[in-house]
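A quick write-up on the structure given underneath.
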Amino acid sequence: MINDDKYSQTSSFLIDMTKCTGCRGCQVACKQWNQLQAEETDFFHGEGYQNPPAMSEYTFTRIKFRDYQRHGQDEFAFYKEMCMHCNEPACASACPVAAFFKTEEGPVTYRPERCIGCRYCMIACPFGVPKYEWSKGLPLVRKCTGCYSRVKEGLRPACATTCPTAITYGTREEMLAEAERRLARAPERYLNRIYGKEDAGGTCVLYLSKLPFDELGFKQVTFRPLPEYTWAALRYVPGAFLTVGGGLSALAWITHRRERLQKEQEAQQSEGAASEQGKEDRE
Amino acid sequence: DPRYTRTSSKSDIYAQLRPGTDIAFIGGLINYALQNNSIHKEYVVSYTNAAFLVAEGFSFNDGLFSGYDAERNRYDNDSWAYQLGEDGLPLRDDTLEHPRSVYQLLKQHYTRYTPDKVCEITGTAIQDYLHVARTFCSTGRTGHAATIMYAMGTTQHTTGTQNVRSYAMLQLLLGNVGVAGGGINALRGECNVQGSTDYALLYHILPGYLNMPNFDNLSLADYLEQWTPKTRDPQSANWWSNTPKYMTSLLKAFWGDTATTENDFNYDYLPKRSGNYSFLKLMQRLQEGGFEGMVLMGTNPLVGAPDVRSVAAGLGNLKWLVAADLWETETSVFWKRPGVDSKRIDTEVFLLPAASSVEKQGSISNSGRWAQWRYKAVEPPGEAESDAFIVDQWVKNLKRLYASDGVFPGPIVDLAWNYGDGHEPDIEMVARECNGQFTRDVEIDGRAFKKGQQVPSFTSLQADGSTLSGNWLYCGSYPEQGNLMRRRGTADPTGMGFFHDWAWCWPVNRRVLYNRASVDLEGRPWNPDKPIIHWNRQTGKWEGDIPDGGWPPMNQDGARHPFIMVAEGHGRLFAAGLADGPFPEHYEPMESPMVNLMSGQQSNPAIDKRGKVDRSGLYYIATTCRVSEHWQAGAMTRSLPWLVELVPDMFVEMSEELAEEKQISNGDLVTITSKRGSIEARALVTNRIKPLRVGNKMVDQVALPWHFGFTGLATGDSANVLTDAVGDANTFIPEYKAFMCNIEKGGRKS
Amino acid sequence: MSTLRRVIDEVINYHWFVKLMMLLVGAGVVAGLLRFVYGLGATTNLNDDYPWGLWISFDVVTAVPLAAGAFTLGAIVHCFGIKKLEPLVRPAIVTGFLGYSLVSVGLLLDLGQPHRGWYVLRYWNLHSPMFEVAMCVMAYTTVLVLELLAPVAEKFGWRLSLRVLRWLEMPLVIAAAAISTLHQSTLGTFFLIAVDKLHNLWYNPMLPLLFWVSAICTGMCIIILEATASHKWMGQPNEGVLLETLAKILPWTLGGYLLLRGYSLLFLAEGPFFDRPVLTLLFLIEVGIGFLLPFVMLCRKGVRLNDRQRAIAAGLVILGLVLNRFNVSMIGMMDPDNIYLPSLIESLVTLGIIAAHILFFVLIAKYFPIFEHHPETVDYSIPDPLYRGKGKDMQQTSH
Ligand SMILES: Nc1nc2c(c(=O)[nH]1)N[C@H]1C(S)=C(S)[C@@H](COP(=O)(O)OP(=O)(O)OC[C@H]3O[C@@H](n4cnc5c(=O)[nH]c(N)nc54)[C@H](O)[C@@H]3O)O[C@H]1N2
Ligand SMILES: Nc1nc2c(c(=O)[nH]1)N[C@H]1C(S)=C(S)[C@@H](COP(=O)(O)OP(=O)(O)OC[C@H]3O[C@@H](n4cnc5c(=O)[nH]c(N)nc54)[C@H](O)[C@@H]3O)O[C@H]1N2
Ligand code: SF4
Ligand code: SF4
Ligand code: SF4
Ligand code: SF4
Ligand code: SF4
Ligand SMILES: [Mo]
């Protein structure tokens with residue numbers, strides 16, 4: 001069933017959070033490959049050692065820390081936030097100039113030379129991934145590129161390459177199979193759920209976890225591909241245009257016909273009236 | 001781990017314990033294994049010294065072993081010996097019933113370590129403790145295994161060595177040494193800390209763990225007499241009996257052709273040890289003005305050393321200081337540290353810019369003893385040079401100067417230093433010399449070798465000067481066919497993960513030490529599913545990993561006991577070798593919140609200093625630790641924005657209870673004070689640190705990363721302002737992991 | 001020189017209110033410049049959590065329906081042939097034109113790359129609501145310009161161009177209506193993609209339709225307000241009678257809207273609805289006071305006949321719409337513990353835009369014949385060869 005999925009061959013991440021140590025090698029590798037400036041931080045932001053405060057124009061991926069008690073049990077949990085590289089990206093469908101687009105390799109990438117900076121992609125993305133260059137006078141959008149520049153050269157993304165334990169990278173088909181394998185091999189170690197398998201209509205970033213996803217800060221998103229929601233309305237556009245246009249034209253034509261007839265009658269009547277008068281004059 | 005860490009978060013069972021109580025914790029497991037008979041009996045009887053009978057003189061009471069000298073805080077260990085028969089072999093009782101058997105003494109020693117007593121000391125929740133005990137000791141069954149991995153939480157204590165000993169003993173009792181998935185594994189720290197130890201970056205050894213001569217080893221003969229272990233047991237391989245071959249080959253490597261039988265191979269050139277030159281002692285001597293100059297290569301003691309304030313003061317006594325480093329470290333700018341008047345310090349400091357690991361080639365040895373060759377990736381920036389270059393220049397210039405005059409020029413002038421005339425010494429030539437070469441044409445049991453040929457393996461090393469070898473352990477790493485450390489073969493025919501074609505592993509590319517203990521007396525693997533080696537009856541050979549010596553299984557003639565590095569050939573449950581006793585015994589850290597519940601001895605009696613329970617204003621247990629985002633003393637990471645972004649400030653982890661008591665909230669500045677001084681840090685208030693039940697009351701603990709200092713991008717107070725310069729009785733590693741402190745809200749400056 | 005003088009005197013004699021408007025516009029312009037000098041981050045309260053703020057919510061999402069009078073009335077008059085409302089068409093078109101031009105201004109300020117605004121024409125993405133709206137807005141503004149040429153031509157008495165325009169009028173009106181239908185509704189489509197972001201009280205698949213219908217209602221209400229105001233304060237003729245007719249149509253559209261709204265909420269949306277008190281309150285105000293109340297009012301003849309009450313009802317509808325657009329595009333998507341409030345500069349810009357709208361309307365009304373213009377004076381029949389002669393006669397006979 002995965003096999004005939006048209007995205008089965010796109011390269012994908014399997015991030016197994018039961019194997020993530022929160023070392024943040026990925027976070028640094030990302031900054032290095034993308035040459036992203038470091039952020040000014042103070043102490044920590046959020047739980048554990050979390051930093052910086054959020055993903056931003058300078059931070060494409062971040063480890064979210066959870067440091068809490070669960071049923072009286074210590075929990076120290078880590079979640080790697082990044083672009084999900086959706087099968088059917090909301091960002092791409094929303095973008096008026098198609099600056100965002102889904103490559104057939106899998107990564108959803110961005111053509112800055114097109115972007116008009118309307119930020120609709122930011123509204124559209126269910127995961128809040130695209131970030132804006134707020135500091136700039138003529139800002140653009142920034143987000144995880146899926147390391148497309150590496151992937152298309154046959155390399156694995158910087159974060160996946162650096163990660164000593166948690167990230168596996170391969171075709172979506174393989175990653176799903178591997179995830180299923182792990183769930184089957186050690187059911188007691190996992191929730192029986194692959195986040196990203198269907199979420200947002202399926203993504204190229206898949207997660208396994210033992211702790212409930214919402215507790216780790218995962219967004220609850222619809223399983224239906226987001227572009228479908230707008231398309232459901234947009235596809236009526238031509239129809240609507242023709243109906244309204246046509247309808248009104250017809251209406252207009254009728255009303256004017258009525259008017260004209262009216263005017264003609266009025267005209268005839270006035271002529272009649274005139275001759276009457278003539279007669280009267282002769283007398 | 002006292003703290004619930006990122007590592008702990010991956011664990012199936014987490015058991016909290018109080019810093020400095022590992023021996024109690026493990027002692028309790030040993031007791032549990034013995035009481036519940038979960039030991040691997042056959043293994044214990046045949047492969048360990050459990051059955052050996054101990055000399056009558058040996059005794060233990062109230063925390064002291066026999067032979068204690070209270071004046072000198074030292075043990076005279078004559079009584080820590082086996083009972084010998086007429087044949088000179090230790091007496092044994094394979095039933096393990098004999099009251100003087102190591103087994104019975106061991107049992108007796110650890111019966112005191114009951115779960116309740118242990119938990120009272122360690123503060124571990126009893127159910128967690130029993131869960132660990134059940135789980136771990138269940139691996140005593142044949143075919144089951146467990147490993148123990150440890151690092152500084154174990155070693156940085158005044159009982160550090162005995163901590164490790166206790167792991168080894170537990171593993172021997174459960175039959176977990178030498179088997180697949182067994183053993184005790186030190187997670188060595190710096191990427192090449194294993195290599196640096198193999199090459200004797202310690203004061204008491206020579207390369208290959210040969211002993212440093214003592215002042216009374218006047219001749220090579222004396223030396224070999226004292227340091228070559230002997231045994232009467234024909235079944236003991238007693239590998240160290242090869243000491244003469246290795247020592248002579250080393251001297252030949254040092255002084256080449258000038259080292260001859262006539263001049264004792266220039267043995268006289270070796271300095272003789274007349275004292276303790278451990279790091280702590282050196283630092284003490286530094287503070288007493290005992291040095292004119294000092295060379296620090298790749299070390300930053302002004303952050304890393306215990307009681308750094310005193311060290312900093314000491315550095316001011318130097319006339320000159322040479323630092324070779326990638327960065328300007330706290331140490332190399334000690335003279336402009338906060339709060340000192342630079343004008344009053346006249347030490348002349350030379351900072352030599354060093355090339356980093358990726359800017360030079362050479363080998364590094366990991367914790368698994370794999371010597372892996374690394375290539376130069378980029379040119380060093382600016383004037384930076386490799387350490388090899390720096391040392392090479394020193395030697396060449398010293399040789400030139402000593403050639404004209406100087407006191408006792410021999411050791412320098414005669415030094416064999418043939419690494420080419422390139423800008424840098426030829427590292428390949430160094431590696432070839434470490435492996436060893438034949439100094440003349442010879443024939444060794446039937447095989448002929450030419451002068452200058454590479455020695456194939458240390459079994460060919462000779463005591464007659466016909467071979468040289470810079471480090472016998474690495475003999476075989478660079479044979480005639482070339483530099484095996486370069487290999488990157490990933491074949492794994494056995495599926496056991498040996499990867500024999502990947503790099504090279506000492507000794508003789510053996511991947512699992514003591515692997516002859518992984519088979520029973522007939523040579524059949526204890527665990528047939530995970531065989532490391534097994535005896536092939538047809539071929540009469542071992543198969544699998546390279547065996548620990550090719551001798552047949554124990555049930556055949558010509559067999560040898562598995563533990564070939566000790567004279568008696570048996571794993572030592574009872575060991576006379578350590579300064580502080582043949583059995584690990586729990587003592588409290590030098591600074592502790594409680595009296596020792598195990599004995600009248602508060603702290604390790606084999607240490608000059610006496611620990612005490614001292615609560616004068618110091619209420620909390622403190623420990624120091626690392627974070628993955630920073631490296632060591634921080635020079636390499638506190639200047640990298642990408643890492644600084646992750647952990648920008650010095651902080652202290654504390655429990656919510658403590659925070660509440662002191663009205664400290666997450667992120668607040670707090671002041672931490674110990675006997676040595678006080679520092680400020682941001683409070684990280686977390687559930688992951690919990691107050692510990694100590695005896696009958698709760699005591700809070702805090703943990704501090706030790707990465708911060710006053711230079712670089714991210715600066716902060718160093719945790720080592722607080723730590724005590726007291727060391728373990730054997731290795732003198734400082735007790736970084738357990739001391740007492742106080743915490744107050746608000747920064748020092750506030 | 002002397003002309004300049006005259007202009008200055010003219011301006012000096014303006015009503016204080018007009019001057020105030022001019023002041024606000026000035027302030028807005030300055031604020032707008034600051035945005036470009038210091039960047040969006042520094043000058044607005046927008047951030048990665050709130051990429052869209054006041055400018056999108058008001059200057060675009062709200063301003064567009066407020067300018068819907070033009071197409072609504074155009075259709076009513078020319079297609080449904082309710083001729084007597086014709087005099088209101090021009091003011092409506094003027095409003096529409098102003099509205100749309102200012103929408104574009106707002107957009108340009110909000111865009112990160114305003115100079116690339118036209119890229120929408122260059123790189124098409126048929127799947128993007130934003131693309132659709134952009135195209136429509138451009139097209140529609142052009143239409144409005146053409147429609148506006150009529151009064152201009154009249155003023156300067158270019159008879160020929162007048163005839164051409166007249167001939168174009170009908171197609172333009174129809175185009176206007178069709179195009180508006182698309183983008184008025186697509187503004188609603190924008191938020192269909194905010195599936196898990198927009199609160200259930202507002203998120204439902206019928207959003208586009210609701211946006212369209214409410215836009216129509218508002219279009220008419222704006223006209224009512226404008227006419228009433230310009231009669232009261234600008235000495236324009238009283239269109240009371242016409243407005244009453246308009247007010248007769250409103251209950252139907254409003255009723256329709258309320259029905260759709262109820263239906264979509266009951267059958268298309270998913271709960272929970274009333275989990276957040278503040279939103280519940282806003283919802284009640286919006287629907288209750290903003291749409292239900294005026295509906296009830298306008299159902300009553302008394303209200304429709306009474307200028308004041310009629311205007312009030314219209315005002316309520318407008319309030320309802322504004323609130324609705326803000327709820328959908330801003331408040332309904334807010335995270336309760338991270339509230340967005342527009343910055344001073346944002347507010348100044350928006351104020352400036354509103355002021356500009358009023359100002360220009362007043363000035364245009366002052367200098368161009370947009371109200372003093374009555375049906376009998378013009379012939380609306382599409383010039384038709386068959387009846388040319390008659391047409392001519394009639395033109396002469398009239399007057
Ligand atoms: N990122 C990074 N990696 C490094 C280093 C670095 O600085 N940064 N340093 C390298 C070096 S040189 C070394 S030596 C290793 C050290 O590696 P580790 O030994 O793992 O480092 P630490 O964090 O100092 O200590 C480990 C743990 O011991 C716990 N602990 C404290 N007291 C006790 C105790 O009494 N008993 C027990 N069981 N645990 C205790 C501490 O809470 C801490 O979590 O790391 C190496 N790797
Ligand atoms: N409180 C507390 N203190 C501790 C510890 C603890 O757990 N707690 N841990 C202890 C341990 S385990 C250790 S190992 C020590 C480490 O203590 P140090 O070794 O003093 O600390 P490092 O930062 O590792 O110093 C290495 C220096 O070498 C430089 N360097 C890197 N590469 C090269 C090179 O190729 N050539 C040269 N010449 N220099 C190079 C780096 O820039 C760095 O300044 O700290 C000890 N101190
Ligand atoms: S996660 Fe967001 S940004 Fe990434 S592809 Fe999906 S919609 Fe686009
Ligand atoms: S901001 Fe740029 S990328 Fe995002 S939707 Fe607008 S044009 Fe497309
Ligand atoms: S894929 Fe590349 S860009 Fe994306 S998070 Fe990983 S490293 Fe960063
Ligand atoms: S590198 Fe891997 S293990 Fe480390 S934080 Fe990132 S995902 Fe987790
Ligand atoms: S081996 Fe790799 S993962 Fe482990 S500590 Fe070293 S760098 Fe980190
Ligand atoms: Mo270390």
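Residues are named by chain letter and number: chains run A, B, ... in the order of the structure tokens, numbers start at 1 in each chain, and ligands are numbered from 1 in the order shown.
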At a cut-off of 10 Å, using only C-alpha atoms, what residues contact A:Ala232? Leave out same-chain residues fewer than 6 positions from it and give the result as a list in words.
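After dropping sequence-adjacent residues, the list is Thr189, Leu192 and Pro205 of chain C.
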For ligand 3, collect every residue having any atom at a distance of at most 10 Å from a ligand atom (counting only C-alpha atoms and all ligand atoms); output as a PyMOL selection string.
chain A and resi 81-94+100-102+106-110+121-131+142-146+200-205+225-227
Per residue of chain B within 8 Å of ligand 1, note the shortest atom pair and the distance in Å to one decimal, counting only C-alpha atoms and all ligand atoms, and order the rows by chain and increasing residue number, as a Markdown table.
```
| residue | atom | partner | partner_atom_place_in_ligand_line | distance |
| --- | --- | --- | --- | --- |
| B:Asp1 | CA | ligand 1 | 39 (N) | 4.2 |
| B:Pro2 | CA | ligand 1 | 42 (O) | 5.3 |
| B:Arg3 | CA | ligand 1 | 42 (O) | 5.1 |
| B:Tyr4 | CA | ligand 1 | 44 (O) | 7.8 |
| B:Thr5 | CA | ligand 1 | 44 (O) | 6.2 |
| B:Leu17 | CA | ligand 1 | 36 (N) | 6.8 |
| B:Arg18 | CA | ligand 1 | 35 (O) | 6.1 |
| B:Pro19 | CA | ligand 1 | 35 (O) | 3.2 |
| B:Gly20 | CA | ligand 1 | 35 (O) | 3.7 |
| B:Thr21 | CA | ligand 1 | 35 (O) | 5.7 |
| B:Asp22 | CA | ligand 1 | 36 (N) | 5.6 |
| B:Tyr150 | CA | ligand 1 | 19 (O) | 6.8 |
| B:Ala151 | CA | ligand 1 | 19 (O) | 3.9 |
| B:Met152 | CA | ligand 1 | 19 (O) | 3.5 |
| B:Gly153 | CA | ligand 1 | 28 (O) | 3.4 |
| B:Thr154 | CA | ligand 1 | 36 (N) | 5.3 |
| B:Gln156 | CA | ligand 1 | 32 (N) | 7.8 |
| B:His157 | CA | ligand 1 | 35 (O) | 7.3 |
| B:Leu187 | CA | ligand 1 | 15 (C) | 6.8 |
| B:Arg188 | CA | ligand 1 | 14 (S) | 5.8 |
| B:Gly189 | CA | ligand 1 | 11 (C) | 3.1 |
| B:Glu190 | CA | ligand 1 | 12 (S) | 4.4 |
| B:Cys191 | CA | ligand 1 | 10 (C) | 7.8 |
| B:Val193 | CA | ligand 1 | 12 (S) | 7.6 |
| B:Thr623 | CA | ligand 1 | 31 (C) | 5.5 |
| B:Thr624 | CA | ligand 1 | 24 (O) | 6.2 |
| B:Cys625 | CA | ligand 1 | 23 (O) | 3.6 |
| B:Arg626 | CA | ligand 1 | 23 (O) | 3.9 |
| B:Val627 | CA | ligand 1 | 1 (N) | 5.5 |
| B:Ser628 | CA | ligand 1 | 1 (N) | 3.3 |
| B:Glu629 | CA | ligand 1 | 1 (N) | 5.4 |
| B:His630 | CA | ligand 1 | 8 (N) | 5.0 |
| B:Trp631 | CA | ligand 1 | 7 (O) | 3.6 |
| B:Gln632 | CA | ligand 1 | 7 (O) | 3.4 |
| B:Ala633 | CA | ligand 1 | 7 (O) | 7.1 |
| B:Gly634 | CA | ligand 1 | 7 (O) | 7.6 |
| B:Ala703 | CA | ligand 1 | 42 (O) | 6.8 |
| B:Pro705 | CA | ligand 1 | 23 (O) | 7.7 |
| B:His707 | CA | ligand 1 | 7 (O) | 7.1 |
| B:Lys737 | CA | ligand 1 | 32 (N) | 4.6 |
| B:Ala738 | CA | ligand 1 | 32 (N) | 6.3 |
```
Store the residues of this selection in a file with N, CA and C atoms, as a CSV table (one decimal), in the first residue's frame.
```csv
chain,number,residue,atom,x,y,z
B,1,ASP,N,23.6,7.5,38.3
B,1,ASP,CA,24.0,8.9,38.2
B,1,ASP,C,23.1,9.7,39.2
B,2,PRO,N,23.8,10.6,40.0
B,2,PRO,CA,23.0,11.4,40.9
B,2,PRO,C,22.0,12.3,40.3
B,3,ARG,N,22.2,12.7,39.0
B,3,ARG,CA,21.3,13.5,38.3
B,3,ARG,C,20.6,12.7,37.2
B,4,TYR,N,19.4,13.0,36.9
B,4,TYR,CA,18.7,12.4,35.8
B,4,TYR,C,19.1,13.2,34.5
B,5,THR,N,20.0,12.6,33.8
B,5,THR,CA,20.6,13.3,32.7
B,5,THR,C,20.0,13.0,31.3
B,17,LEU,N,22.0,7.9,42.9
B,17,LEU,CA,22.9,7.6,44.0
B,17,LEU,C,23.6,8.8,44.4
B,18,ARG,N,24.1,8.9,45.6
B,18,ARG,CA,24.8,10.1,46.1
B,18,ARG,C,26.2,10.0,45.6
B,19,PRO,N,26.7,11.2,45.2
B,19,PRO,CA,28.1,11.3,44.7
B,19,PRO,C,29.1,10.7,45.7
B,20,GLY,N,29.9,9.8,45.2
B,20,GLY,CA,30.9,9.2,46.1
B,20,GLY,C,30.5,7.9,46.8
B,21,THR,N,29.4,7.3,46.3
B,21,THR,CA,29.0,6.1,47.0
B,21,THR,C,28.9,4.8,46.1
B,22,ASP,N,29.7,4.9,45.0
B,22,ASP,CA,29.6,3.7,44.1
B,22,ASP,C,30.0,2.4,44.7
B,150,TYR,N,31.9,3.2,32.1
B,150,TYR,CA,32.0,4.2,33.2
B,150,TYR,C,33.0,5.3,32.7
B,151,ALA,N,32.9,6.4,33.3
B,151,ALA,CA,33.9,7.5,33.1
B,151,ALA,C,34.1,8.2,34.4
B,152,MET,N,34.0,9.5,34.3
B,152,MET,CA,34.5,10.3,35.5
B,152,MET,C,33.6,10.2,36.7
B,153,GLY,N,32.3,9.9,36.5
B,153,GLY,CA,31.5,9.7,37.7
B,153,GLY,C,32.1,8.6,38.6
B,154,THR,N,32.8,7.7,38.0
B,154,THR,CA,33.4,6.6,38.8
B,154,THR,C,34.8,7.0,39.3
B,156,GLN,N,36.6,10.1,39.4
B,156,GLN,CA,37.1,11.3,40.1
B,156,GLN,C,36.7,11.4,41.5
B,157,HIS,N,37.2,10.4,42.3
B,157,HIS,CA,36.9,10.3,43.7
B,157,HIS,C,38.2,9.9,44.4
B,187,LEU,N,35.0,4.7,29.2
B,187,LEU,CA,34.7,5.6,28.1
B,187,LEU,C,35.8,6.7,28.2
B,188,ARG,N,36.9,6.5,27.5
B,188,ARG,CA,38.0,7.4,27.7
B,188,ARG,C,37.6,8.8,27.1
B,189,GLY,N,38.2,9.8,27.6
B,189,GLY,CA,37.7,11.1,27.4
B,189,GLY,C,38.1,11.8,26.1
B,190,GLU,N,39.3,12.4,26.1
B,190,GLU,CA,39.8,13.0,24.8
B,190,GLU,C,39.9,11.9,23.8
B,191,CYS,N,39.8,12.3,22.5
B,191,CYS,CA,39.7,11.3,21.5
B,191,CYS,C,40.9,10.4,21.5
B,193,VAL,N,42.9,9.9,24.4
B,193,VAL,CA,43.4,9.7,25.7
B,193,VAL,C,43.9,8.3,25.9
B,623,THR,N,28.5,18.4,42.9
B,623,THR,CA,29.3,17.6,41.9
B,623,THR,C,29.5,18.4,40.7
B,624,THR,N,30.5,18.0,39.9
B,624,THR,CA,30.7,18.7,38.6
B,624,THR,C,30.5,17.8,37.4
B,625,CYS,N,30.2,18.4,36.3
B,625,CYS,CA,29.9,17.6,35.2
B,625,CYS,C,30.1,18.3,33.9
B,626,ARG,N,29.8,17.6,32.8
B,626,ARG,CA,29.9,18.2,31.4
B,626,ARG,C,28.6,18.4,30.8
B,627,VAL,N,28.6,19.2,29.7
B,627,VAL,CA,27.5,19.2,28.8
B,627,VAL,C,28.0,18.9,27.4
B,628,SER,N,27.1,18.4,26.6
B,628,SER,CA,27.6,18.0,25.3
B,628,SER,C,28.0,19.2,24.4
B,629,GLU,N,27.4,20.3,24.8
B,629,GLU,CA,27.6,21.5,24.0
B,629,GLU,C,29.0,22.2,24.2
B,630,HIS,N,29.7,21.8,25.3
B,630,HIS,CA,31.0,22.5,25.5
B,630,HIS,C,32.0,21.4,25.7
B,631,TRP,N,33.3,21.7,25.3
B,631,TRP,CA,34.4,20.8,25.4
B,631,TRP,C,35.3,21.2,26.5
B,632,GLN,N,35.4,20.4,27.6
B,632,GLN,CA,36.4,20.5,28.6
B,632,GLN,C,36.6,21.9,29.1
B,633,ALA,N,37.8,22.4,29.2
B,633,ALA,CA,38.0,23.8,29.7
B,633,ALA,C,37.5,24.9,28.9
B,634,GLY,N,36.9,24.5,27.7
B,634,GLY,CA,36.1,25.5,27.0
B,634,GLY,C,36.8,26.3,25.9
B,703,ALA,N,24.7,20.4,40.9
B,703,ALA,CA,25.7,20.0,39.9
B,703,ALA,C,26.1,21.2,39.1
B,705,PRO,N,28.5,22.5,35.7
B,705,PRO,CA,29.4,22.2,34.6
B,705,PRO,C,30.7,22.9,34.8
B,707,HIS,N,33.0,23.9,32.5
B,707,HIS,CA,33.6,24.4,31.2
B,707,HIS,C,33.9,25.8,31.2
B,737,LYS,N,34.2,15.1,41.9
B,737,LYS,CA,32.8,14.8,41.8
B,737,LYS,C,32.1,14.8,43.1
B,738,ALA,N,32.7,15.1,44.2
B,738,ALA,CA,32.0,15.1,45.4
B,738,ALA,C,32.6,16.1,46.4
```
Close residues to ligand 2 using only C-alpha atoms and all ligand atoms, limit 7 Å, as a PyMOL selection string
chain B and resi 152+189-190+297-301+303-306+324-327+329+354-357+386-387+624-626+631-636+706+719-720+723+736-737
Mind listing as a compact mmCIF listing (two decimals) with C-alpha atoms, in the first residue's frame which residues of chain A are within 6 Å of chain C, counting only C-alpha atoms?
```
# COMPACT_ATOMS: atom_id res chain seq x y z
CA SER A 93 0.05 25.77 -2.78
CA ALA A 94 -0.47 29.08 -0.97
CA CYS A 95 2.41 30.92 -2.59
CA PRO A 96 1.05 33.25 -5.31
CA VAL A 97 4.28 33.10 -7.29
CA ALA A 98 5.17 29.46 -6.63
CA ILE A 116 7.18 38.87 -3.07
CA GLY A 117 7.20 38.58 0.70
CA CYS A 118 3.46 38.31 1.33
CA ALA A 124 -0.58 28.33 5.42
CA LYS A 131 10.20 32.27 9.09
CA TRP A 134 12.05 40.69 10.09
CA SER A 135 15.27 42.59 10.50
CA LYS A 136 15.52 43.43 6.80
CA GLY A 137 13.99 46.31 4.83
CA LEU A 138 13.09 44.00 1.94
CA PRO A 139 12.69 40.70 3.76
CA LEU A 226 -3.93 21.18 3.25
CA TYR A 229 -8.98 22.79 1.58
CA THR A 230 -8.43 25.87 -0.54
CA PHE A 241 -17.08 33.64 -13.09
CA VAL A 244 -22.27 35.37 -12.56
CA GLY A 245 -21.04 36.93 -15.79
CA LEU A 248 -25.99 39.06 -15.32
CA LEU A 251 -30.55 39.56 -17.01
CA ALA A 252 -29.24 42.81 -18.51
CA THR A 255 -34.26 44.20 -18.78
```
Taking only C-alpha atoms into account, what are the residues of chain A at most 9 Å from chain B, put as an MDAnalysis selection string?
chainID A and resid 18:25 27:28 31:32 36:44 47:52 67:69 74:77
I'd like the contact shell of stretch 559-561 of chain B - 7 Å cut-off, only C-alpha atoms, skipping same-chain residues fewer than 5 positions apart - returned as a list in words.
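The filter keeps Gln235, Ser236, Ala237, Trp551, Pro552, Pro553, Met554, Gly569 and His570 of chain B.
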Store the residues picked out above, limited to N, CA and C atoms, as a CSV table (one decimal), in the first residue's frame.
```csv
chain,number,residue,atom,x,y,z
B,235,GLN,N,51.0,-23.5,33.9
B,235,GLN,CA,49.8,-23.2,33.1
B,235,GLN,C,49.5,-21.7,33.1
B,236,SER,N,50.4,-20.9,33.7
B,236,SER,CA,50.2,-19.4,33.6
B,236,SER,C,51.1,-18.8,32.5
B,237,ALA,N,50.5,-18.1,31.6
B,237,ALA,CA,51.3,-17.5,30.5
B,237,ALA,C,52.2,-16.4,31.1
B,551,TRP,N,47.3,-21.2,22.8
B,551,TRP,CA,47.3,-22.4,23.5
B,551,TRP,C,45.9,-23.1,23.5
B,552,PRO,N,45.9,-24.4,23.6
B,552,PRO,CA,44.6,-25.2,23.5
B,552,PRO,C,43.8,-24.9,24.7
B,553,PRO,N,42.5,-25.4,24.7
B,553,PRO,CA,41.6,-25.2,25.8
B,553,PRO,C,42.1,-25.7,27.1
B,554,MET,N,41.5,-25.3,28.2
B,554,MET,CA,42.1,-25.7,29.6
B,554,MET,C,42.1,-27.2,29.8
B,569,GLY,N,47.5,-15.9,36.5
B,569,GLY,CA,46.7,-16.3,35.3
B,569,GLY,C,45.2,-16.3,35.6
B,570,HIS,N,44.8,-15.9,36.8
B,570,HIS,CA,43.4,-15.9,37.2
B,570,HIS,C,42.9,-14.4,37.5
```
Could you write out, as a VMD selection string, all the residues of stretch 324-372 of chain B that DSSP marks as strand (DSSP E)?
chain B and resid 324 to 325 348 to 353 362 to 365 370 to 372
Mind checking which residues fall within 12 Å of B:Val613, counting only C-alpha atoms, ignoring those fewer than 5 positions away in the same chain, and posting them as a list in words?
Glu588, Pro589, Met590, Glu591, Ser592, Pro593, Met594, Val595, Asn596, Gln601, Gln602, Ser603, Leu618, Tyr619, Ile621, Phe739 and Met740 of chain B
